[in-house]
Amino acid sequence: MKKRVGLLLAIMTAFVMLVMPLGNTTHAQAADNSLEKIQKKGVLVMGTSPDYPPYEFQATVNGKSTVVGMDVQIGKKVAKDLGVKLKIKSMSFDSLLVALQTGKVDMIISGMNPTPARRKNVSFTHTYYQGGYDIVINKTDKAKYKNKDSFGGGTLGAQTGTTQYNAAKSQTKNTTVKGMTSQSDLILALQSHKLDGVAMEKPSAEAYVSNNKQLAAIPSDFNMSSSATSSAIAFRKGSTSLVNKVNKTVDQIKKENLVKKDYLPAAGKYLKTNTVNTSMTHYWKAFLTGIEYTLIITVCSVFFGFIIGIILALARMARGNFFKNLLRWVATAYVEFIRGTPMMVQVMFVYFGLGLFVNLPALTSGIIAISLNSGAYVAEYIRGGINSVDVGQTEAARSLGMSNGKTMRYVILPQALKNIWPSLGNEFITLIKDSSIVSIIGVTELIYQSNIVRSDTYRGVAPIVVIMVLYFILTFTASRILNYFERKMQHA
Amino acid sequence: MPKPVIEVEKLAKSFGDNQVLKDITEQVNPGEVIVVIGPSGGGKSTFLRCLNLLETPTSGKVAFEGHDLTTLDTKSVNSLREKMGMVFQGFNLFPNMTVLENIKLAPMKVKNTDDASATKRAHELLQRVGLDDHADAFPDSLSGGQAQRVAIARALAMDPEVLLFDEPTSALDPEMVGEVLNVMQELAKEGMTMVVVTHEMGFAKSVGDRIWFMADGYIQENNTPEAFFANPETDRAKDFLSKILM
Ligand SMILES: Nc1ncnc2c1ncn2[C@@H]1O[C@H](COP(=O)(O)OP(=O)(O)OP(=O)(O)O)[C@@H](O)[C@H]1O
Ligand SMILES: [Mg+2]
């Protein structure tokens, strides 16, 4: 099971704790009418992390990239029994719990197992699936390995923070355990013999083996309590009426053995059709979407970042009365703060933190966060550019009767911008690359798309090579264009 | 007796502990050409910059056409500055604009003159300083003498009552000094009120109506050029003249 407790989660939980006092009361009061509320809304938003076949993964259905898998089938059934529509929201597994607590999603179905720690923060339904663990190995090693105890002196891999990772660590001897964040990376490492085996859940292992003839699966024989290998649906803490109602659906699914009978085979079908054509050109649409979003984010963020940068730069140069000094102080503090915190945290803060008050879509949140971040850096470039303009220019303009503002606008800023054009260009190129950070909140830019393609095709390297080339084409083209304008400006 | 254009009363200016201007009380009358001379570091530039409030006086009064600039709000100071053009030693043309744009900028942005009339006026002024064929050139392609003449045209475009010159020829190659001084002499003839800081003694003698000799933060002598150059009264002035006339 996926049970990440990484740094990301810790940070995000800290956010929620900070802003929760506001949110908590409403959730507590909502306890009794949680069912009613969903039915009134008519839409049930399911959060999931589609990089985990066959539970949930992206597949191309009718030419469109769609989230499929057995969890999606379960989500559909739950929604149907509640008489509402299902809406699926994809995000990284780390983000799911916070998204649930902050109301971005109504429930999580993402192969999540109901650990006691999680139970403290959310309410779980009965388990809908009981899994187990296998170890995936290279077929050529089949004679060598039997189960978890065969890897003495070797290296086992597992997804970081998962139950199988902890089990591999505590239940093997003389074995190095390596953690990575994505399954496809692990398989890749296995195939390039950096790992001798990869511990993963049975259904996942089966999916990989059936789609890759060089791989084989052996039983792990991990000693596990049944709760650690089960999956359940998570709802907001205290949503008793909703959980009770959904439990009826879950019980029916179990009684009729729907997962094994219907859902897993259906998911497997997508896996098959998916892997028929794993050439990268087959996925050009996915990559194109990635480029599109990367460019949207970059261009918007550069634009707004530039405006924010100018405002901040001017504010930082304000001097005189109390208000101007206060303005300068605030702007300085802002710039220092933004430059002193990771962009990733800022992105999460905007999406989840501000999300408590206004419901911003992931793309908008990403653009806001990156603009705010970029603005702080651009402000410093602009300030430097303004300082680099000779004071004689200001004096000449002022002596002609121009106000401070007009002097800045017509005389100083144009020259300052010309001086810092190369730095601004660099910022643009940096943003093309740094915009990849918003993949963590599920914006479908290049990195996100490449992860999808990787889990889709079980090909580890090819999608990376493709996006490397694509990123390079983007940045190289951008720098050519910027150079062209730079030369043009020098002539002016 | 005409009303003075500029009245300076008990003007003082310090930079930290350095008291550059100590106690200056003088007047400039309409149409007068005042030439300010004196040793380097004597406060001439500071004095000139106090006249249009590019430098804020520490104490005292600077009045333009009867309005005390030191008591006015920023907006009124801005509009009074239009009437006091300034020409700098380093030209300070806007390097990112053509000659024509340099001249048109302030009329269009400050006085809201329309483009056509601003362009027409700019060409007239360029003809007057003999540079209309350079209208579309950028400042870095001009010689020093040409640049300074453009700077004068730019100042004139705001139709100022007074022109302040801070060593307009000091940064020029000797052969270009003449072309700039000629333009200034023309302006003086047409009745422009001017305050000129310069080391060009020939110009001071032939064009100046009065010489202000400035040293140690005071205007030590205020006299006609004839009287000043023939009979400097203070030892400071005698010393200064003996050095530059060598
Ligand atoms: N912005 C300033 N800050 C501090 N000190 C200044 C400033 N401007 C001028 N000073 C000082 O004031 C004094 C007078 O300078 P000013 O430029 O007015 O002299 P000047 O007579 O124009 O000399 P020069 O012939 O060299 O141009 C000098 O000692 C100078 O260092
Ligand atoms: Mg000077």
# chains A, B, ... in the order shown; residues from 1 in each chain; ligands from 1

call {"tool": "closest_atom_pairs", "arguments": {"of": "chain B", "to": "ligand 1", "cutoff": "8 Å", "atoms": "only C-alpha atoms and all ligand atoms", "output": "CSV"}}
result
residue,atom,partner,partner_atom_place_in_ligand_line,distance
B:Ser14,CA,ligand 1,12 (O),7.8
B:Phe15,CA,ligand 1,4 (C),4.9
B:Gly16,CA,ligand 1,4 (C),7.3
B:Asn18,CA,ligand 1,12 (O),7.1
B:Gln19,CA,ligand 1,12 (O),7.7
B:Val20,CA,ligand 1,12 (O),5.2
B:Gly38,CA,ligand 1,21 (O),6.7
B:Pro39,CA,ligand 1,25 (O),6.0
B:Ser40,CA,ligand 1,25 (O),3.4
B:Gly41,CA,ligand 1,19 (O),3.5
B:Gly42,CA,ligand 1,21 (O),3.8
B:Gly43,CA,ligand 1,18 (O),3.2
B:Lys44,CA,ligand 1,21 (O),3.7
B:Ser45,CA,ligand 1,22 (O),3.6
B:Thr46,CA,ligand 1,18 (O),3.7
B:Phe47,CA,ligand 1,18 (O),6.4
B:Asp166,CA,ligand 1,22 (O),7.9
B:Glu167,CA,ligand 1,27 (O),7.6
B:Met214,CA,ligand 1,21 (O),7.8
B:Ala215,CA,ligand 1,21 (O),7.7

call {"tool": "residues_around", "arguments": {"residues": "Val28 in chain B", "least_positions_apart": "6", "cutoff": "10 Å", "atoms": "only C-alpha atoms", "output": "list in words"}}
result
Lys3, Pro4, Val5, Ile6, Glu7, Val8, Ile34, Phe64, Val162, Thr193, Met194, Val195 and Arg210 of chain B

call {"tool": "residues_around", "arguments": {"residues": "Arg328 in chain A", "least_positions_apart": "6", "cutoff": "10 Å", "atoms": "only C-alpha atoms", "output": "ChimeraX atom specification"}}
result
/A:312-319,322,334

call {"tool": "interface_residues", "arguments": {"of": "chain B", "to": "chain A", "cutoff": "10 Å", "atoms": "only C-alpha atoms", "output": "MDAnalysis selection string"}}
result
chainID B and resid 49 52:54 74:98 102 105:107 109:111 138 151 154:158 160 164

call {"tool": "select_by_dssp", "arguments": {"residues": "range 226-338 of chain A", "states": "strand (DSSP E or B)", "output": "ChimeraX atom specification"}}
result
/A:230-236

call {"tool": "closest_residue", "arguments": {"among": "A:Thr102, A:Ser65, A:Thr364, A:Ser220", "to": "Tyr293 in chain A", "atoms": "only C-alpha atoms"}}
result
A:Thr364

call {"tool": "atom_distance", "arguments": {"atom1": "CA of Ser204 in chain A", "atom2": "CA of Phe287 in chain A"}}
result
24.8 Å

call {"tool": "select_by_dssp", "arguments": {"residues": "range 49-217 of chain B", "states": "helix (DSSP H, G or I)", "output": "CSV table (one decimal) with N, CA, C and O atoms, in the first residue's frame"}}
result
chain,number,residue,atom,x,y,z
B,49,ARG,N,21.9,74.1,-8.7
B,49,ARG,CA,20.9,73.1,-8.6
B,49,ARG,C,19.8,73.4,-7.5
B,49,ARG,O,18.7,72.9,-7.5
B,50,CYS,N,20.3,74.3,-6.6
B,50,CYS,CA,19.3,74.8,-5.6
B,50,CYS,C,18.2,75.7,-6.2
B,50,CYS,O,17.1,75.8,-5.8
B,51,LEU,N,18.6,76.3,-7.4
B,51,LEU,CA,17.7,77.3,-8.0
B,51,LEU,C,16.5,76.6,-8.6
B,51,LEU,O,15.4,77.1,-8.6
B,69,LEU,N,9.9,78.5,-3.8
B,69,LEU,CA,9.9,77.1,-4.1
B,69,LEU,C,10.0,76.2,-2.9
B,69,LEU,O,9.5,75.1,-2.9
B,70,THR,N,10.7,76.7,-1.9
B,70,THR,CA,11.0,75.8,-0.8
B,70,THR,C,9.7,75.5,0.0
B,70,THR,O,9.6,74.6,0.8
B,71,THR,N,8.6,76.3,-0.2
B,71,THR,CA,7.4,76.1,0.6
B,71,THR,C,6.3,75.4,-0.3
B,71,THR,O,5.3,75.1,0.2
B,74,THR,N,5.1,69.4,-4.2
B,74,THR,CA,5.9,68.7,-5.3
B,74,THR,C,5.3,69.1,-6.6
B,74,THR,O,6.1,69.4,-7.6
B,75,LYS,N,4.0,69.1,-6.7
B,75,LYS,CA,3.4,69.4,-8.0
B,75,LYS,C,3.7,70.8,-8.6
B,75,LYS,O,4.0,70.9,-9.7
B,76,SER,N,3.6,71.7,-7.7
B,76,SER,CA,3.8,73.1,-8.1
B,76,SER,C,5.3,73.3,-8.4
B,76,SER,O,5.7,74.0,-9.4
B,77,VAL,N,6.2,72.6,-7.7
B,77,VAL,CA,7.6,72.7,-8.0
B,77,VAL,C,7.9,72.1,-9.4
B,77,VAL,O,8.5,72.7,-10.2
B,78,ASN,N,7.2,71.0,-9.7
B,78,ASN,CA,7.4,70.4,-11.0
B,78,ASN,C,7.0,71.4,-12.1
B,78,ASN,O,7.7,71.5,-13.1
B,79,SER,N,5.9,72.1,-11.9
B,79,SER,CA,5.4,73.0,-13.0
B,79,SER,C,6.3,74.2,-13.1
B,79,SER,O,6.4,74.8,-14.1
B,80,LEU,N,6.8,74.6,-11.9
B,80,LEU,CA,7.7,75.8,-12.0
B,80,LEU,C,9.1,75.4,-12.6
B,80,LEU,O,9.7,76.2,-13.3
B,81,ARG,N,9.5,74.1,-12.5
B,81,ARG,CA,10.7,73.7,-13.1
B,81,ARG,C,10.7,73.8,-14.6
B,81,ARG,O,11.7,74.0,-15.3
B,99,VAL,N,17.3,62.2,-31.4
B,99,VAL,CA,17.4,63.6,-31.1
B,99,VAL,C,16.0,64.2,-31.1
B,99,VAL,O,15.6,64.9,-30.1
B,100,LEU,N,15.2,63.9,-32.1
B,100,LEU,CA,13.8,64.5,-32.1
B,100,LEU,C,13.0,64.1,-30.9
B,100,LEU,O,12.3,64.9,-30.3
B,101,GLU,N,13.1,62.8,-30.6
B,101,GLU,CA,12.3,62.3,-29.5
B,101,GLU,C,12.8,62.9,-28.1
B,101,GLU,O,12.0,63.2,-27.3
B,102,ASN,N,14.1,63.1,-28.0
B,102,ASN,CA,14.6,63.8,-26.8
B,102,ASN,C,13.9,65.1,-26.6
B,102,ASN,O,13.6,65.5,-25.5
B,103,ILE,N,13.8,65.8,-27.7
B,103,ILE,CA,13.2,67.2,-27.6
B,103,ILE,C,11.7,67.1,-27.4
B,103,ILE,O,11.1,67.9,-26.7
B,104,LYS,N,11.0,66.2,-28.0
B,104,LYS,CA,9.6,66.1,-28.0
B,104,LYS,C,9.0,65.6,-26.6
B,104,LYS,O,7.9,65.8,-26.3
B,105,LEU,N,9.8,64.8,-25.9
B,105,LEU,CA,9.3,64.0,-24.8
B,105,LEU,C,8.6,64.9,-23.8
B,105,LEU,O,7.4,64.7,-23.5
B,106,ALA,N,9.3,65.9,-23.3
B,106,ALA,CA,8.8,66.7,-22.2
B,106,ALA,C,7.5,67.5,-22.6
B,106,ALA,O,6.5,67.5,-21.9
B,107,PRO,N,7.6,68.2,-23.8
B,107,PRO,CA,6.4,68.9,-24.2
B,107,PRO,C,5.2,68.0,-24.3
B,107,PRO,O,4.1,68.3,-23.9
B,108,MET,N,5.4,66.8,-24.8
B,108,MET,CA,4.3,65.9,-25.0
B,108,MET,C,3.8,65.3,-23.7
B,108,MET,O,2.6,65.2,-23.5
B,109,LYS,N,4.7,64.9,-22.8
B,109,LYS,CA,4.3,64.2,-21.6
B,109,LYS,C,3.9,65.2,-20.5
B,109,LYS,O,3.1,64.8,-19.6
B,110,VAL,N,4.5,66.4,-20.5
B,110,VAL,CA,4.2,67.3,-19.4
B,110,VAL,C,3.2,68.3,-19.8
B,110,VAL,O,2.2,68.6,-19.1
B,115,ASP,N,1.4,65.4,-31.0
B,115,ASP,CA,2.7,65.0,-31.6
B,115,ASP,C,3.1,65.9,-32.8
B,115,ASP,O,4.2,66.3,-32.9
B,116,ALA,N,2.1,66.3,-33.6
B,116,ALA,CA,2.4,67.1,-34.7
B,116,ALA,C,3.0,68.4,-34.4
B,116,ALA,O,4.1,68.8,-34.9
B,117,SER,N,2.4,69.1,-33.4
B,117,SER,CA,3.0,70.4,-33.0
B,117,SER,C,4.3,70.3,-32.3
B,117,SER,O,5.2,71.1,-32.5
B,118,ALA,N,4.4,69.2,-31.5
B,118,ALA,CA,5.7,69.0,-30.8
B,118,ALA,C,6.8,68.7,-31.9
B,118,ALA,O,7.9,69.2,-31.8
B,119,THR,N,6.5,67.9,-32.9
B,119,THR,CA,7.5,67.6,-33.9
B,119,THR,C,7.9,68.9,-34.7
B,119,THR,O,9.0,69.2,-34.9
B,120,LYS,N,6.9,69.7,-35.0
B,120,LYS,CA,7.1,70.9,-35.8
B,120,LYS,C,8.1,71.8,-35.0
B,120,LYS,O,9.1,72.3,-35.4
B,121,ARG,N,7.7,72.0,-33.7
B,121,ARG,CA,8.5,72.9,-32.8
B,121,ARG,C,9.9,72.3,-32.6
B,121,ARG,O,10.9,73.0,-32.7
B,122,ALA,N,10.0,71.0,-32.5
B,122,ALA,CA,11.4,70.4,-32.4
B,122,ALA,C,12.2,70.7,-33.6
B,122,ALA,O,13.4,71.0,-33.4
B,123,HIS,N,11.6,70.5,-34.8
B,123,HIS,CA,12.4,70.8,-36.0
B,123,HIS,C,12.9,72.3,-36.0
B,123,HIS,O,14.0,72.6,-36.4
B,124,GLU,N,12.0,73.2,-35.6
B,124,GLU,CA,12.4,74.6,-35.5
B,124,GLU,C,13.6,74.8,-34.6
B,124,GLU,O,14.5,75.5,-35.0
B,125,LEU,N,13.5,74.2,-33.4
B,125,LEU,CA,14.6,74.4,-32.5
B,125,LEU,C,15.9,73.8,-33.0
B,125,LEU,O,17.0,74.3,-32.8
B,126,LEU,N,15.7,72.6,-33.7
B,126,LEU,CA,16.9,72.0,-34.2
B,126,LEU,C,17.6,72.9,-35.3
B,126,LEU,O,18.8,73.0,-35.4
B,127,GLN,N,16.7,73.5,-36.1
B,127,GLN,CA,17.3,74.5,-37.1
B,127,GLN,C,18.0,75.6,-36.4
B,127,GLN,O,19.1,76.0,-36.8
B,128,ARG,N,17.4,76.0,-35.3
B,128,ARG,CA,18.0,77.1,-34.6
B,128,ARG,C,19.4,76.8,-34.1
B,128,ARG,O,20.3,77.6,-34.1
B,132,ASP,N,19.2,70.3,-37.7
B,132,ASP,CA,18.0,69.6,-38.1
B,132,ASP,C,18.2,68.4,-38.9
B,132,ASP,O,17.4,67.4,-38.9
B,133,ASP,N,19.4,68.3,-39.6
B,133,ASP,CA,19.7,67.1,-40.4
B,133,ASP,C,20.0,65.9,-39.5
B,133,ASP,O,20.1,64.8,-39.9
B,134,HIS,N,20.1,66.1,-38.1
B,134,HIS,CA,20.4,65.0,-37.2
B,134,HIS,C,19.2,64.6,-36.4
B,134,HIS,O,19.3,63.9,-35.5
B,139,PRO,N,21.7,59.8,-29.8
B,139,PRO,CA,22.7,60.7,-29.1
B,139,PRO,C,24.2,60.1,-29.2
B,139,PRO,O,25.1,60.9,-29.4
B,140,ASP,N,24.3,58.8,-29.2
B,140,ASP,CA,25.7,58.3,-29.1
B,140,ASP,C,26.4,58.5,-30.5
B,140,ASP,O,27.6,58.3,-30.6
B,141,SER,N,25.7,58.9,-31.5
B,141,SER,CA,26.4,59.2,-32.8
B,141,SER,C,26.7,60.6,-33.0
B,141,SER,O,27.3,61.0,-34.0
B,144,GLY,N,30.4,65.8,-29.1
B,144,GLY,CA,30.0,66.5,-27.9
B,144,GLY,C,29.3,67.9,-28.1
B,144,GLY,O,28.3,68.2,-27.5
B,145,GLY,N,29.9,68.6,-29.1
B,145,GLY,CA,29.3,69.9,-29.4
B,145,GLY,C,27.9,69.8,-29.9
B,145,GLY,O,27.0,70.6,-29.5
B,146,GLN,N,27.7,68.8,-30.8
B,146,GLN,CA,26.3,68.6,-31.3
B,146,GLN,C,25.4,68.2,-30.2
B,146,GLN,O,24.2,68.7,-30.1
B,147,ALA,N,25.8,67.2,-29.3
B,147,ALA,CA,25.0,66.8,-28.2
B,147,ALA,C,24.6,67.9,-27.3
B,147,ALA,O,23.4,68.0,-26.9
B,148,GLN,N,25.5,68.8,-27.0
B,148,GLN,CA,25.2,69.9,-26.1
B,148,GLN,C,24.2,70.9,-26.8
B,148,GLN,O,23.3,71.4,-26.1
B,149,ARG,N,24.3,71.0,-28.1
B,149,ARG,CA,23.3,71.9,-28.8
B,149,ARG,C,22.0,71.3,-28.8
B,149,ARG,O,20.9,72.0,-28.6
B,150,VAL,N,21.9,69.9,-28.9
B,150,VAL,CA,20.6,69.3,-28.8
B,150,VAL,C,20.0,69.4,-27.4
B,150,VAL,O,18.8,69.7,-27.2
B,151,ALA,N,20.9,69.3,-26.4
B,151,ALA,CA,20.5,69.5,-25.0
B,151,ALA,C,19.9,70.9,-24.8
B,151,ALA,O,18.9,71.1,-24.1
B,152,ILE,N,20.5,71.9,-25.4
B,152,ILE,CA,19.9,73.2,-25.3
B,152,ILE,C,18.6,73.3,-26.0
B,152,ILE,O,17.6,73.9,-25.4
B,153,ALA,N,18.5,72.7,-27.2
B,153,ALA,CA,17.2,72.7,-27.9
B,153,ALA,C,16.1,72.0,-27.1
B,153,ALA,O,15.0,72.4,-27.0
B,154,ARG,N,16.5,70.9,-26.4
B,154,ARG,CA,15.6,70.2,-25.6
B,154,ARG,C,15.1,71.1,-24.4
B,154,ARG,O,13.9,71.1,-24.1
B,155,ALA,N,16.0,71.8,-23.8
B,155,ALA,CA,15.6,72.7,-22.7
B,155,ALA,C,14.6,73.8,-23.3
B,155,ALA,O,13.7,74.2,-22.6
B,156,LEU,N,15.0,74.3,-24.4
B,156,LEU,CA,14.1,75.4,-25.0
B,156,LEU,C,12.7,74.9,-25.4
B,156,LEU,O,11.8,75.7,-25.4
B,174,PRO,N,38.2,71.3,-27.4
B,174,PRO,CA,38.4,72.7,-27.6
B,174,PRO,C,37.7,73.2,-28.9
B,174,PRO,O,37.1,74.3,-28.9
B,175,GLU,N,37.9,72.4,-30.0
B,175,GLU,CA,37.3,73.0,-31.2
B,175,GLU,C,35.8,73.0,-31.3
B,175,GLU,O,35.2,73.6,-32.2
B,176,MET,N,35.2,72.4,-30.3
B,176,MET,CA,33.7,72.4,-30.3
B,176,MET,C,33.1,73.4,-29.3
B,176,MET,O,31.9,73.6,-29.3
B,177,VAL,N,34.0,74.0,-28.5
B,177,VAL,CA,33.4,74.9,-27.5
B,177,VAL,C,32.7,76.1,-28.2
B,177,VAL,O,31.6,76.5,-27.8
B,178,GLY,N,33.3,76.5,-29.3
B,178,GLY,CA,32.8,77.7,-30.0
B,178,GLY,C,31.3,77.6,-30.4
B,178,GLY,O,30.5,78.4,-30.2
B,179,GLU,N,31.0,76.4,-31.0
B,179,GLU,CA,29.7,76.2,-31.6
B,179,GLU,C,28.6,76.3,-30.5
B,179,GLU,O,27.5,76.8,-30.7
B,180,VAL,N,29.0,75.8,-29.3
B,180,VAL,CA,28.0,75.9,-28.2
B,180,VAL,C,27.9,77.3,-27.7
B,180,VAL,O,26.8,77.8,-27.4
B,181,LEU,N,29.0,77.9,-27.5
B,181,LEU,CA,29.0,79.3,-27.0
B,181,LEU,C,28.2,80.2,-27.9
B,181,LEU,O,27.5,81.1,-27.5
B,182,ASN,N,28.4,80.0,-29.2
B,182,ASN,CA,27.7,80.8,-30.2
B,182,ASN,C,26.2,80.7,-30.0
B,182,ASN,O,25.4,81.7,-30.0
B,183,VAL,N,25.7,79.5,-29.8
B,183,VAL,CA,24.2,79.3,-29.6
B,183,VAL,C,23.8,80.1,-28.3
B,183,VAL,O,22.8,80.8,-28.3
B,184,MET,N,24.6,80.0,-27.3
B,184,MET,CA,24.3,80.6,-26.0
B,184,MET,C,24.3,82.2,-26.2
B,184,MET,O,23.4,82.9,-25.7
B,185,GLN,N,25.2,82.6,-27.0
B,185,GLN,CA,25.3,84.1,-27.2
B,185,GLN,C,24.1,84.6,-28.0
B,185,GLN,O,23.5,85.6,-27.7
B,186,GLU,N,23.6,83.8,-29.0
B,186,GLU,CA,22.4,84.1,-29.7
B,186,GLU,C,21.2,84.2,-28.7
B,186,GLU,O,20.4,85.1,-28.8
B,187,LEU,N,21.1,83.2,-27.8
B,187,LEU,CA,20.0,83.2,-26.9
B,187,LEU,C,20.1,84.5,-26.0
B,187,LEU,O,19.0,85.1,-25.8
B,188,ALA,N,21.3,84.8,-25.6
B,188,ALA,CA,21.4,86.0,-24.8
B,188,ALA,C,20.9,87.2,-25.5
B,188,ALA,O,20.2,88.1,-25.0
B,189,LYS,N,21.3,87.3,-26.8
B,189,LYS,CA,20.9,88.5,-27.6
B,189,LYS,C,19.4,88.6,-27.7
B,189,LYS,O,18.8,89.7,-27.8
B,201,MET,N,36.3,82.5,-19.8
B,201,MET,CA,36.3,83.9,-19.4
B,201,MET,C,36.0,84.9,-20.5
B,201,MET,O,35.4,85.9,-20.3
B,202,GLY,N,36.3,84.4,-21.8
B,202,GLY,CA,36.0,85.3,-22.9
B,202,GLY,C,34.5,85.4,-23.0
B,202,GLY,O,34.0,86.6,-23.2
B,203,PHE,N,33.7,84.3,-22.8
B,203,PHE,CA,32.3,84.4,-22.8
B,203,PHE,C,31.8,85.3,-21.7
B,203,PHE,O,30.9,86.1,-21.9
B,204,ALA,N,32.4,85.1,-20.5
B,204,ALA,CA,31.9,85.9,-19.4
B,204,ALA,C,32.1,87.4,-19.7
B,204,ALA,O,31.2,88.2,-19.4
B,205,LYS,N,33.2,87.7,-20.3
B,205,LYS,CA,33.4,89.2,-20.6
B,205,LYS,C,32.5,89.7,-21.6
B,205,LYS,O,31.9,90.8,-21.4
B,206,SER,N,32.3,88.9,-22.7
B,206,SER,CA,31.6,89.5,-23.8
B,206,SER,C,30.0,89.3,-23.7
B,206,SER,O,29.3,90.2,-24.2
B,207,VAL,N,29.6,88.3,-23.0
B,207,VAL,CA,28.1,88.1,-23.0
B,207,VAL,C,27.5,88.4,-21.6
B,207,VAL,O,26.4,88.8,-21.5

call {"tool": "closest_residue", "arguments": {"among": "A:Gly131, A:Gln101, A:Tyr263, A:Phe93", "to": "Gly161 in chain A", "atoms": "only C-alpha atoms"}}
result
A:Phe93

call {"tool": "residues_around", "arguments": {"residues": "Ser49 in chain A", "least_positions_apart": "4", "cutoff": "7 Å", "atoms": "only C-alpha atoms", "output": "ChimeraX atom specification"}}
result
/A:90-93,110

call {"tool": "closest_residue", "arguments": {"among": "B:Leu72, B:Leu163, B:Val129, B:Val36", "to": "ligand 2", "atoms": "only C-alpha atoms and all ligand atoms"}}
result
B:Val36

call {"tool": "residues_around", "arguments": {"residues": "Asp434 in chain A", "least_positions_apart": "6", "cutoff": "12 Å", "atoms": "only C-alpha atoms", "output": "ChimeraX atom specification"}}
result
/A:294-295,297-298,301-302,342-344,347,366-367,369-371,373-374,426-428,445-447,471,475

call {"tool": "write_last_selection", "arguments": {"atoms": "N, CA and C atoms", "output": "CSV table (one decimal), in the first residue's frame"}}
result
chain,number,residue,atom,x,y,z
A,294,THR,N,2.9,23.8,-20.1
A,294,THR,CA,4.2,24.4,-19.7
A,294,THR,C,4.3,25.8,-20.2
A,295,LEU,N,3.9,26.0,-21.5
A,295,LEU,CA,4.0,27.4,-22.0
A,295,LEU,C,3.0,28.3,-21.4
A,297,ILE,N,1.7,28.3,-18.5
A,297,ILE,CA,2.2,28.6,-17.1
A,297,ILE,C,3.4,29.6,-17.2
A,298,THR,N,4.3,29.3,-18.1
A,298,THR,CA,5.5,30.1,-18.2
A,298,THR,C,5.1,31.5,-18.7
A,301,SER,N,3.1,33.4,-16.1
A,301,SER,CA,3.9,33.8,-14.9
A,301,SER,C,4.9,34.8,-15.2
A,302,VAL,N,5.5,34.8,-16.4
A,302,VAL,CA,6.4,35.8,-16.8
A,302,VAL,C,5.7,37.2,-16.8
A,342,PRO,N,11.3,27.6,-0.5
A,342,PRO,CA,11.3,26.8,-1.8
A,342,PRO,C,10.0,27.1,-2.6
A,343,MET,N,10.2,27.2,-3.9
A,343,MET,CA,9.1,27.4,-4.8
A,343,MET,C,8.0,26.3,-4.6
A,344,MET,N,8.5,25.1,-4.4
A,344,MET,CA,7.5,24.0,-4.2
A,344,MET,C,6.6,24.2,-3.1
A,347,VAL,N,4.1,26.8,-4.0
A,347,VAL,CA,3.0,26.3,-4.9
A,347,VAL,C,2.0,25.6,-4.0
A,366,GLY,N,-1.1,27.4,-9.7
A,366,GLY,CA,0.3,27.3,-10.1
A,366,GLY,C,0.8,28.6,-10.7
A,367,ILE,N,-0.1,29.2,-11.5
A,367,ILE,CA,0.3,30.5,-12.2
A,367,ILE,C,0.5,31.5,-11.1
A,369,ALA,N,1.2,31.1,-7.9
A,369,ALA,CA,2.4,30.9,-7.1
A,369,ALA,C,3.7,31.2,-7.8
A,370,ILE,N,3.8,30.8,-9.1
A,370,ILE,CA,5.0,31.1,-9.8
A,370,ILE,C,5.2,32.5,-10.1
A,371,SER,N,4.0,33.2,-10.4
A,371,SER,CA,4.1,34.7,-10.6
A,371,SER,C,4.6,35.4,-9.4
A,373,ASN,N,6.4,34.2,-7.1
A,373,ASN,CA,7.8,33.8,-6.9
A,373,ASN,C,8.7,34.6,-7.8
A,374,SER,N,8.3,34.5,-9.1
A,374,SER,CA,9.1,35.2,-10.1
A,374,SER,C,9.2,36.7,-9.8
A,426,ASN,N,16.8,35.3,-19.0
A,426,ASN,CA,17.2,34.2,-18.2
A,426,ASN,C,16.1,33.7,-17.3
A,427,GLU,N,15.4,34.7,-16.7
A,427,GLU,CA,14.3,34.4,-15.8
A,427,GLU,C,13.2,33.6,-16.6
A,428,PHE,N,13.0,34.0,-17.8
A,428,PHE,CA,11.9,33.4,-18.7
A,428,PHE,C,12.3,31.9,-18.9
A,445,GLU,N,1.3,19.7,-17.0
A,445,GLU,CA,2.4,20.2,-17.9
A,445,GLU,C,3.4,19.1,-18.2
A,446,LEU,N,4.5,19.4,-18.8
A,446,LEU,CA,5.4,18.4,-19.4
A,446,LEU,C,5.8,17.2,-18.5
A,447,ILE,N,6.3,17.6,-17.3
A,447,ILE,CA,6.7,16.6,-16.4
A,447,ILE,C,5.6,15.6,-16.0
A,471,TYR,N,12.1,20.0,-23.7
A,471,TYR,CA,12.5,21.2,-22.9
A,471,TYR,C,13.6,21.9,-23.6
A,475,THR,N,13.6,25.8,-24.6
A,475,THR,CA,14.5,26.8,-24.0
A,475,THR,C,15.4,27.4,-25.1

call {"tool": "closest_residue", "arguments": {"among": "B:Lys22, B:His67, B:His199, B:Lys10", "to": "ligand 2", "atoms": "only C-alpha atoms and all ligand atoms"}}
result
B:His199

call {"tool": "atom_distance", "arguments": {"atom1": "CA of Ile452 in chain A", "atom2": "CA of Gln183 in chain A"}}
result
11.6 Å

call {"tool": "residues_around", "arguments": {"residues": "range 211-216 of chain A", "least_positions_apart": "5", "cutoff": "7 Å", "atoms": "only C-alpha atoms", "output": "list in words"}}
result
Val136, Ile137, Asn138, Lys139 and Thr275 of chain A
